[in-house]
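Each remark here refers to the structure printed beneath this line.
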Amino acid sequence: MSENRVKDLTTGSPLKLELSFMLPLLFGMLFQQLYNMVDTVVVGKYIGVEALAGVGSTGSINFLVLGLCNGICAGFAIPVAQKFGQRDYDGLRKFVGNMIWLSAVIAAVVTVVTTGLCRRILVWMNTPADTFDYAYDYIFLIFLGIPAIMLYNLLSGIIRSLGDSRTPLYFLIFSSLLNVALDLLFIVAFRMGVAGAAWATLLSQLLSGLLCLYFIGKHFPVLHLDADDLKLKKTYVNHLLAMGLPMGMQYSITAVGSILLQTAVNGLGSTAMAAMTAGGKVSMFVVCPYDAIGSTAATFAGQNLGAGKPERVHEGVKASAVMGTVYSVLIFAALYLWGGDLSKIFLDTKDTGAVAQILPLSRQYLLANAAFYIPLLYVNLLRFTIQGLGFSNLAVFAGVGEMIARGVFGLCLVPWLGFNAVCFANPAAWVAADLFLFPAYFYCLKKRGFNPEYRLSFRTVKAKG
């Protein structure tokens with residue numbers, strides 16, 4: 001095994017280990033968000049507000065489908081982390097071999113279904129006529145590239161399960177820069193419209209996946225598979241599906257609420273749609289640390305569960321909670337001061353009338369969400385930890401809570417209160433999820449042999465090793 005590339009998270013200070021693991025992962029997520037941000041900036045500035053609203057209106061259905069695929073890939077990687085913690089490398093390879101076949105089948109099925117239903121879904125979502133073609137041209141191509149997206153997420157998840165969070169980062173930096181160049185080439189030079197933004201994203205994502213594949217073959221001998229590893233076996237298939245499908249469904253269930261909310265926003269017109277898109281893109285970028293904390297928690301929990309150390313899992317949660325809370329306070333202050341200016345980068349400032357209408361709404365949306373980032377922290381931290389402990393089915397219920405909260409706002413409150421209700425839909429969803437996740441987390445820890453005298457506090461962020 002390439003020892004300098006893997007990281008054992010079962011010994012040492014949880015705070016130091018999680019921070020060193022999380023930082024490369026965070027930078028990778030930031031660059032991944034750069035894909036979407038660059039698409040949105042170039043579309044908004046060079047094509048117009050209607051195109052910006054159209055691309056933005058696909059965010060919830062994009063999250064529904066890609067969240068399903070990415071959640072499945074993340075769930076598939078958890079048994080790999082557990083086997084690595086147990087030092088069972090033969091079992092690790094068999095899980096990898098079986099997940100390759102399962103991922104290929106899932107990618108093919110999801111691609112066929114979503115591309116076939118794409119236009120009908122946009123009609124169901126009440127997409128306005130002036131943004132419909134933009135939305136369709138963009139999301140159809142994104143769905144067509146699902147196999148490339150799953151390739152990267154599957155391989156990068158496997159690499160991170162072995163404790164290496166740096167290698168996927170390097171590939172994302174390169175491909176993100178490529179994405180910027182292709183956006184400008186396809187949209188500005190070739191005038192391909194929003195389709196150019198989609199092609200730039202897909203080609204860049206495909207390259208990331210191929211680079212991960214090349215690197216695994218060259219630097220991770222422990223992942224070199226033989227014919228026996230590639231044989232489908234019921235035990236491994238069932239375990240992978242038990243971990244992956246609930247994790248993927250969790251994202252999709254959450255996205256159903258987002259679709260209901262987006263449908264309600266579509267009814268408010270292109271100005272509200274563009275405001276939510278601009279504010280949402282800024283928010284998606286600044287919440288990347290919570291996603292990184294969650295992914296780190298899943299790997300940390302998986303490895304330590306495999307090593308028989310549930311107490312270290314709890315110490316890791318406390319360390320992550322401290323980091324996340326400090327960040328939440330700082331980022332709220334930053335967005336309060338500069339959030340409006342950040343939203344402006346997605347708009348054509350020459351259209352002063354549109355900017356004057358959109359910016360105040362965008363800032364309102366952004367600050368309302370930022371005020372509840374601490375509940376969002378715990379949504380990611382506790383949910384991913386529960387999944388790392390092997391209880392992916394329980395984590396689905398948190399997604400149900402989010403779906404119900406967003407659905408209530410979308411179906412009942414947005415038509416009544418307008419954009420004000422849009423601003424508080426996400427915070428309500430995060431609080432609803434936390435009401436389930438806190439007791440579920442302690443239940444899962446106890447089931448895994450955790451000493452009940454431990455309680456969630458911030459007094460200790462270091463384990464004794």
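The chains in the structure tokens are called A, B, ... from first to last as shown; in each chain the residues are counted from 1, and the ligands are counted from 1 in the order shown.
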
Name the residues in contact with Asp137 (chain A) at a cut-off of 8 Å, using only C-alpha atoms, excluding same-chain residues fewer than 4 positions from it; report them as an mmCIF file with N, CA and C atoms, in the first residue's frame.
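Saved result, selection20.cif, follows:
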```cif
data_model
loop_
_atom_site.group_PDB
_atom_site.id
_atom_site.type_symbol
_atom_site.label_atom_id
_atom_site.label_comp_id
_atom_site.auth_asym_id
_atom_site.auth_seq_id
_atom_site.Cartn_x
_atom_site.Cartn_y
_atom_site.Cartn_z
ATOM 1 N N ASP A 133 -36.732 27.072 -21.999
ATOM 2 C CA ASP A 133 -35.745 26.512 -22.919
ATOM 3 C C ASP A 133 -34.346 26.529 -22.314
ATOM 4 N N LEU A 141 -28.443 18.063 -20.559
ATOM 5 C CA LEU A 141 -27.044 17.668 -20.751
ATOM 6 C C LEU A 141 -26.394 17.240 -19.442
ATOM 7 N N VAL A 194 -26.541 28.249 -22.819
ATOM 8 C CA VAL A 194 -26.443 27.510 -21.559
ATOM 9 C C VAL A 194 -25.950 26.082 -21.787
ATOM 10 N N ALA A 195 -26.127 25.551 -22.990
ATOM 11 C CA ALA A 195 -25.597 24.226 -23.295
ATOM 12 C C ALA A 195 -24.074 24.210 -23.159
#
```

Applying 6 Å and only C-alpha atoms, which residues near region 300-317 of chain A remain after dropping the ones on its own chain fewer than 6 positions away? List them as a compact mmCIF listing (two decimals) with all heavy atoms, in the first residue's frame.
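Done, and the output landed in out-v5.txt:
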```
# COMPACT_ATOMS: atom_id res chain seq x y z
N THR A 10 -7.68 6.22 13.40
CA THR A 10 -8.08 5.50 14.60
C THR A 10 -7.17 5.77 15.79
O THR A 10 -7.44 5.29 16.89
CB THR A 10 -8.11 3.99 14.33
OG1 THR A 10 -6.80 3.52 14.00
CG2 THR A 10 -9.06 3.66 13.18
N PRO A 14 -8.34 13.50 17.74
CA PRO A 14 -9.39 13.65 16.74
C PRO A 14 -9.42 15.04 16.10
O PRO A 14 -9.64 15.16 14.89
CB PRO A 14 -10.67 13.38 17.54
CG PRO A 14 -10.24 12.48 18.64
CD PRO A 14 -8.86 12.97 19.01
N ALA A 81 -14.22 2.14 4.23
CA ALA A 81 -13.58 2.75 5.40
C ALA A 81 -13.59 1.79 6.58
O ALA A 81 -12.60 1.69 7.33
CB ALA A 81 -14.29 4.05 5.76
N GLN A 82 -14.70 1.07 6.76
CA GLN A 82 -14.78 0.13 7.88
C GLN A 82 -13.79 -1.02 7.71
O GLN A 82 -13.12 -1.42 8.67
CB GLN A 82 -16.21 -0.40 7.99
CG GLN A 82 -17.22 0.67 8.41
CD GLN A 82 -18.66 0.20 8.32
OE1 GLN A 82 -18.94 -0.87 7.76
NE2 GLN A 82 -19.58 0.98 8.86
N GLY A 85 -10.36 0.21 8.49
CA GLY A 85 -10.15 0.28 9.93
C GLY A 85 -9.89 -1.08 10.54
O GLY A 85 -9.12 -1.21 11.51
N GLN A 86 -10.50 -2.13 9.97
CA GLN A 86 -10.28 -3.49 10.45
C GLN A 86 -9.00 -4.13 9.90
O GLN A 86 -8.62 -5.21 10.32
CB GLN A 86 -11.48 -4.37 10.05
CG GLN A 86 -12.79 -3.99 10.70
CD GLN A 86 -13.97 -4.73 10.10
OE1 GLN A 86 -13.83 -5.53 9.17
NE2 GLN A 86 -15.16 -4.45 10.61
N THR A 385 -22.23 11.11 10.58
CA THR A 385 -21.69 10.24 11.63
C THR A 385 -22.57 9.01 11.79
O THR A 385 -22.07 7.88 11.92
CB THR A 385 -21.59 10.99 12.96
OG1 THR A 385 -20.70 12.10 12.82
CG2 THR A 385 -21.04 10.07 14.04
N GLY A 388 -21.75 6.77 9.00
CA GLY A 388 -20.46 6.12 9.23
C GLY A 388 -20.53 5.01 10.25
O GLY A 388 -19.75 4.05 10.20
N LEU A 389 -21.49 5.11 11.18
CA LEU A 389 -21.70 4.06 12.18
C LEU A 389 -22.50 2.88 11.63
O LEU A 389 -22.72 1.90 12.32
CB LEU A 389 -22.41 4.64 13.39
CG LEU A 389 -21.58 5.58 14.28
CD1 LEU A 389 -22.48 6.28 15.29
CD2 LEU A 389 -20.46 4.83 14.98
N PHE A 450 -21.06 2.39 22.75
CA PHE A 450 -20.59 3.63 23.34
C PHE A 450 -20.97 3.69 24.81
O PHE A 450 -22.09 3.35 25.20
CB PHE A 450 -21.20 4.82 22.59
CG PHE A 450 -20.89 6.17 23.19
CD1 PHE A 450 -19.61 6.68 23.15
CD2 PHE A 450 -21.90 6.93 23.77
CE1 PHE A 450 -19.33 7.93 23.69
CE2 PHE A 450 -21.62 8.18 24.29
CZ PHE A 450 -20.34 8.67 24.26
N VAL A 461 -11.92 18.00 23.39
CA VAL A 461 -11.86 17.82 21.95
C VAL A 461 -10.70 16.93 21.55
O VAL A 461 -10.42 16.77 20.38
CB VAL A 461 -11.74 19.18 21.23
CG1 VAL A 461 -12.99 20.00 21.47
CG2 VAL A 461 -10.50 19.93 21.68
```

Please report, as a Markdown table, each residue of region 20-92 of chain A lying at most 12 Å from region 229-251 of chain A, together with the nearest pair of atoms and the separation in Å rounded to one decimal; use only C-alpha atoms, and order rows by chain and ascending residue number.
```
| residue | atom | partner | partner_atom | distance |
| --- | --- | --- | --- | --- |
| A:Ser60 | CA | A:Tyr251 | CA | 10.8 |
| A:Ile61 | CA | A:Tyr251 | CA | 11.1 |
| A:Asn62 | CA | A:Tyr251 | CA | 11.0 |
| A:Phe63 | CA | A:Tyr251 | CA | 7.5 |
| A:Leu64 | CA | A:Tyr251 | CA | 6.6 |
| A:Val65 | CA | A:Tyr251 | CA | 8.6 |
| A:Leu66 | CA | A:Tyr251 | CA | 8.7 |
| A:Gly67 | CA | A:Tyr251 | CA | 5.2 |
| A:Leu68 | CA | A:Gly248 | CA | 4.0 |
| A:Cys69 | CA | A:Gly248 | CA | 6.3 |
| A:Asn70 | CA | A:Gly248 | CA | 6.8 |
| A:Gly71 | CA | A:Gly248 | CA | 3.9 |
| A:Ile72 | CA | A:Gly244 | CA | 4.1 |
| A:Cys73 | CA | A:Gly244 | CA | 6.6 |
| A:Ala74 | CA | A:Gly244 | CA | 6.9 |
| A:Gly75 | CA | A:Gly244 | CA | 3.9 |
| A:Phe76 | CA | A:Gly244 | CA | 5.1 |
| A:Ala77 | CA | A:Gly244 | CA | 8.4 |
| A:Ile78 | CA | A:Met243 | CA | 7.5 |
| A:Pro79 | CA | A:Leu240 | CA | 7.4 |
| A:Val80 | CA | A:Leu240 | CA | 9.9 |
| A:Gln82 | CA | A:Met243 | CA | 12.0 |
| A:Tyr89 | CA | A:Asp229 | CA | 11.2 |
| A:Asp90 | CA | A:Asp229 | CA | 8.3 |
| A:Gly91 | CA | A:Asp229 | CA | 8.8 |
| A:Leu92 | CA | A:Asp229 | CA | 9.3 |
```

With N, CA, C and O atoms retained, could you export that selection as a short mmCIF file (atom, residue, chain, number, x, y, z; two decimals), in the first residue's frame?
```
data_model
loop_
_atom_site.label_atom_id
_atom_site.label_comp_id
_atom_site.auth_asym_id
_atom_site.auth_seq_id
_atom_site.Cartn_x
_atom_site.Cartn_y
_atom_site.Cartn_z
N SER A 60 -32.99 22.42 -7.85
CA SER A 60 -33.63 21.44 -6.99
C SER A 60 -33.75 20.08 -7.66
O SER A 60 -33.50 19.04 -7.04
N ILE A 61 -34.12 20.05 -8.95
CA ILE A 61 -34.20 18.77 -9.64
C ILE A 61 -32.80 18.19 -9.87
O ILE A 61 -32.60 16.97 -9.85
N ASN A 62 -31.84 19.08 -10.05
CA ASN A 62 -30.43 18.66 -10.14
C ASN A 62 -30.02 17.98 -8.84
O ASN A 62 -29.40 16.90 -8.85
N PHE A 63 -30.38 18.59 -7.72
CA PHE A 63 -30.06 18.02 -6.41
C PHE A 63 -30.77 16.69 -6.20
O PHE A 63 -30.22 15.76 -5.59
N LEU A 64 -32.00 16.59 -6.68
CA LEU A 64 -32.76 15.35 -6.53
C LEU A 64 -32.03 14.18 -7.20
O LEU A 64 -31.84 13.12 -6.60
N VAL A 65 -31.61 14.38 -8.44
CA VAL A 65 -31.02 13.29 -9.22
C VAL A 65 -29.55 13.08 -8.87
O VAL A 65 -29.12 11.97 -8.56
N LEU A 66 -28.77 14.15 -8.91
CA LEU A 66 -27.35 14.00 -8.62
C LEU A 66 -27.12 13.69 -7.15
O LEU A 66 -26.16 13.00 -6.80
N GLY A 67 -28.00 14.21 -6.27
CA GLY A 67 -27.90 13.86 -4.86
C GLY A 67 -28.11 12.38 -4.64
O GLY A 67 -27.43 11.75 -3.81
N LEU A 68 -29.05 11.78 -5.39
CA LEU A 68 -29.26 10.33 -5.32
C LEU A 68 -27.98 9.59 -5.71
O LEU A 68 -27.53 8.69 -4.99
N CYS A 69 -27.39 9.99 -6.83
CA CYS A 69 -26.18 9.31 -7.32
C CYS A 69 -25.00 9.52 -6.38
O CYS A 69 -24.29 8.56 -6.02
N ASN A 70 -24.79 10.75 -5.96
CA ASN A 70 -23.65 11.04 -5.08
C ASN A 70 -23.83 10.42 -3.70
O ASN A 70 -22.85 9.96 -3.09
N GLY A 71 -25.07 10.39 -3.21
CA GLY A 71 -25.33 9.75 -1.93
C GLY A 71 -25.07 8.26 -1.98
O GLY A 71 -24.51 7.68 -1.04
N ILE A 72 -25.45 7.62 -3.08
CA ILE A 72 -25.18 6.20 -3.25
C ILE A 72 -23.68 5.94 -3.25
O ILE A 72 -23.18 5.02 -2.59
N CYS A 73 -22.93 6.78 -3.97
CA CYS A 73 -21.47 6.61 -4.02
C CYS A 73 -20.86 6.80 -2.62
O CYS A 73 -19.96 6.05 -2.23
N ALA A 74 -21.34 7.79 -1.88
CA ALA A 74 -20.82 8.03 -0.54
C ALA A 74 -21.15 6.85 0.38
O ALA A 74 -20.33 6.44 1.21
N GLY A 75 -22.37 6.31 0.25
CA GLY A 75 -22.74 5.15 1.05
C GLY A 75 -21.92 3.93 0.71
O GLY A 75 -21.52 3.15 1.60
N PHE A 76 -21.63 3.74 -0.57
CA PHE A 76 -20.79 2.61 -0.99
C PHE A 76 -19.40 2.68 -0.37
O PHE A 76 -18.76 1.65 -0.13
N ALA A 77 -18.91 3.89 -0.13
CA ALA A 77 -17.54 4.05 0.37
C ALA A 77 -17.42 3.73 1.87
O ALA A 77 -16.32 3.47 2.35
N ILE A 78 -18.53 3.74 2.60
CA ILE A 78 -18.46 3.52 4.05
C ILE A 78 -17.95 2.13 4.40
O ILE A 78 -17.09 1.98 5.28
N PRO A 79 -18.43 1.04 3.76
CA PRO A 79 -17.84 -0.28 4.07
C PRO A 79 -16.35 -0.36 3.77
O PRO A 79 -15.62 -1.10 4.45
N VAL A 80 -15.89 0.40 2.79
CA VAL A 80 -14.46 0.43 2.49
C VAL A 80 -13.70 1.03 3.67
O VAL A 80 -12.66 0.51 4.08
N GLN A 82 -14.70 1.07 6.76
CA GLN A 82 -14.78 0.13 7.88
C GLN A 82 -13.79 -1.02 7.71
O GLN A 82 -13.12 -1.42 8.67
N TYR A 89 -8.04 -6.13 4.08
CA TYR A 89 -7.84 -5.62 2.73
C TYR A 89 -8.48 -6.51 1.68
O TYR A 89 -8.87 -6.03 0.61
N ASP A 90 -8.60 -7.80 1.95
CA ASP A 90 -9.27 -8.69 1.00
C ASP A 90 -10.76 -8.34 0.91
O ASP A 90 -11.32 -8.23 -0.19
N GLY A 91 -11.41 -8.14 2.07
CA GLY A 91 -12.81 -7.72 2.06
C GLY A 91 -12.99 -6.35 1.43
O GLY A 91 -13.97 -6.09 0.74
N LEU A 92 -12.02 -5.47 1.66
CA LEU A 92 -12.06 -4.13 1.08
C LEU A 92 -12.12 -4.22 -0.44
O LEU A 92 -12.95 -3.57 -1.09
#
```

All residues 8 Å or closer to Val282 (chain A), only C-alpha atoms, same chain fewer than 5 positions away omitted, as a PyMOL selection string | chain A and resi 339+342-343+366

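Counting only C-alpha atoms and comparing A:Leu182, A:Met125, A:Met99, A:Ala371, the residue that lies closest to Gly157 (chain A) is A:Met99.
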
Write out as a list in words the residues lying within 8 Å of Arg406 (chain A), counting only C-alpha atoms and excluding same-chain residues fewer than 5 positions away.
->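 Residues meeting the cut-off are Gly257, Ser258, Leu260, Leu261, Ala425, Asn426, Ala428 and Ala429 of chain A.
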
Considering only C-alpha atoms, state which residue in the set A:Leu210, A:Val287, A:Ile293, A:Ile358 is at the smallest distance from Ser328 (chain A).
->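 Residue with the minimum atom-to-atom distance to Ser328 (chain A): A:Val287.
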
Mind checking which residues fall within 10 Å of region 41-54 of chain A, counting only C-alpha atoms, ignoring those fewer than 2 positions away in the same chain, and posting them as a PyMOL selection string?
-> chain A and resi 36-39+56-59+127-139+180+183-184+187-188+191+193-194+196-197+266+269-278+281+343-351+354-355+358

Go ahead and dump the residues you just picked, C-alpha atoms, as a PDB file, in the first residue's frame.
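This is the output file result_9.pdb:
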```
ATOM      1  CA  ASN A  36     -21.492  25.782 -10.631  1.00  0.00           C
ATOM      2  CA  MET A  37     -20.512  29.325  -9.713  1.00  0.00           C
ATOM      3  CA  VAL A  38     -18.581  29.934 -12.915  1.00  0.00           C
ATOM      4  CA  ASP A  39     -21.454  28.527 -14.957  1.00  0.00           C
ATOM      5  CA  GLY A  56     -31.017  28.374 -11.315  1.00  0.00           C
ATOM      6  CA  SER A  57     -34.494  26.848 -11.464  1.00  0.00           C
ATOM      7  CA  THR A  58     -32.929  23.455 -12.228  1.00  0.00           C
ATOM      8  CA  GLY A  59     -31.049  23.427  -8.930  1.00  0.00           C
ATOM      9  CA  THR A 127     -41.169  26.655 -15.120  1.00  0.00           C
ATOM     10  CA  PRO A 128     -42.028  30.019 -16.778  1.00  0.00           C
ATOM     11  CA  ALA A 129     -42.061  30.167 -20.576  1.00  0.00           C
ATOM     12  CA  ASP A 130     -39.322  32.815 -20.744  1.00  0.00           C
ATOM     13  CA  THR A 131     -36.876  30.540 -18.853  1.00  0.00           C
ATOM     14  CA  PHE A 132     -38.068  27.078 -19.952  1.00  0.00           C
ATOM     15  CA  ASP A 133     -35.745  26.512 -22.919  1.00  0.00           C
ATOM     16  CA  TYR A 134     -32.720  27.662 -20.921  1.00  0.00           C
ATOM     17  CA  ALA A 135     -33.602  25.270 -18.098  1.00  0.00           C
ATOM     18  CA  TYR A 136     -34.164  22.323 -20.450  1.00  0.00           C
ATOM     19  CA  ASP A 137     -30.998  22.817 -22.503  1.00  0.00           C
ATOM     20  CA  TYR A 138     -28.896  22.912 -19.349  1.00  0.00           C
ATOM     21  CA  ILE A 139     -30.382  20.134 -17.223  1.00  0.00           C
ATOM     22  CA  VAL A 180     -13.486  28.070 -16.358  1.00  0.00           C
ATOM     23  CA  ASP A 183     -17.103  28.090 -20.047  1.00  0.00           C
ATOM     24  CA  LEU A 184     -15.519  31.111 -21.646  1.00  0.00           C
ATOM     25  CA  ILE A 187     -20.352  30.500 -24.139  1.00  0.00           C
ATOM     26  CA  VAL A 188     -18.403  33.639 -25.055  1.00  0.00           C
ATOM     27  CA  ARG A 191     -21.901  31.234 -28.374  1.00  0.00           C
ATOM     28  CA  GLY A 193     -25.611  29.374 -24.754  1.00  0.00           C
ATOM     29  CA  VAL A 194     -26.443  27.510 -21.559  1.00  0.00           C
ATOM     30  CA  GLY A 196     -21.991  25.408 -23.329  1.00  0.00           C
ATOM     31  CA  ALA A 197     -22.047  25.736 -19.543  1.00  0.00           C
ATOM     32  CA  ASN A 266     -41.241  29.906 -10.056  1.00  0.00           C
ATOM     33  CA  GLY A 269     -41.578  35.262 -11.461  1.00  0.00           C
ATOM     34  CA  SER A 270     -38.068  35.528 -12.897  1.00  0.00           C
ATOM     35  CA  THR A 271     -36.950  38.291 -10.485  1.00  0.00           C
ATOM     36  CA  ALA A 272     -37.589  36.118  -7.431  1.00  0.00           C
ATOM     37  CA  MET A 273     -36.054  33.132  -9.238  1.00  0.00           C
ATOM     38  CA  ALA A 274     -32.892  35.085 -10.067  1.00  0.00           C
ATOM     39  CA  ALA A 275     -32.649  36.451  -6.498  1.00  0.00           C
ATOM     40  CA  MET A 276     -32.896  32.968  -5.016  1.00  0.00           C
ATOM     41  CA  THR A 277     -30.363  31.683  -7.562  1.00  0.00           C
ATOM     42  CA  ALA A 278     -27.798  34.394  -6.791  1.00  0.00           C
ATOM     43  CA  LYS A 281     -25.055  30.159  -5.155  1.00  0.00           C
ATOM     44  CA  SER A 343     -24.548  38.229  -5.036  1.00  0.00           C
ATOM     45  CA  LYS A 344     -23.791  40.994  -7.528  1.00  0.00           C
ATOM     46  CA  ILE A 345     -21.114  38.927  -9.299  1.00  0.00           C
ATOM     47  CA  PHE A 346     -23.867  36.755 -10.824  1.00  0.00           C
ATOM     48  CA  LEU A 347     -25.664  39.674 -12.468  1.00  0.00           C
ATOM     49  CA  ASP A 348     -25.100  41.858 -15.482  1.00  0.00           C
ATOM     50  CA  THR A 349     -24.468  45.158 -13.697  1.00  0.00           C
ATOM     51  CA  LYS A 350     -25.295  47.063 -16.890  1.00  0.00           C
ATOM     52  CA  ASP A 351     -28.927  46.096 -16.361  1.00  0.00           C
ATOM     53  CA  ALA A 354     -32.836  44.261 -12.727  1.00  0.00           C
ATOM     54  CA  VAL A 355     -29.930  44.589 -10.301  1.00  0.00           C
ATOM     55  CA  ILE A 358     -32.764  41.419  -7.388  1.00  0.00           C
TER      56      ILE A 358
END
```

Tell me, in Å to one decimal, how far CA of Phe384 (chain A) is from CA of Tyr327 (chain A).
->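 One can read the CA of Phe384 (chain A) to CA of Tyr327 (chain A) distance as 18.8 Å.
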
Skipping near chain neighbours, those fewer than 4 positions away, what residues fall within 7 Å of Met29 (chain A) using only C-alpha atoms, listed as a PyMOL selection string?
-> chain A and resi 25+33+288

Residues at most 12 Å from Leu117 (chain A), counting only C-alpha atoms, excluding those fewer than 3 positions away in the same chain, as a PyMOL selection string?
-> chain A and resi 61+65+110-114+120-124+136+139-140+143-144

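Among the candidate residues A:Leu213, A:Val105, A:Leu435, A:Leu15, the one lying nearest to Ala321 (chain A) is A:Leu15, with distances computed using only C-alpha atoms.
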
Check the smallest atom-to-atom distance from each of A:Ala298, A:Ile100, A:Leu207, A:Ala395 to Ile173 (chain A) using only C-alpha atoms, then report the winner.
->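 Nearest candidate to Ile173 (chain A) out of A:Ala298, A:Ile100, A:Leu207, A:Ala395: A:Leu207.
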
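One distance worth recording is that between CA of Lys318 (chain A) and CA of Phe436 (chain A), which is 18.4 Å.
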
Taking the chain letters and numbering used in this document, name the residues of region 206-245 of chain A that DSSP puts in alpha helix (DSSP H), as a ChimeraX atom specification.
-> /A:206-219,234-245
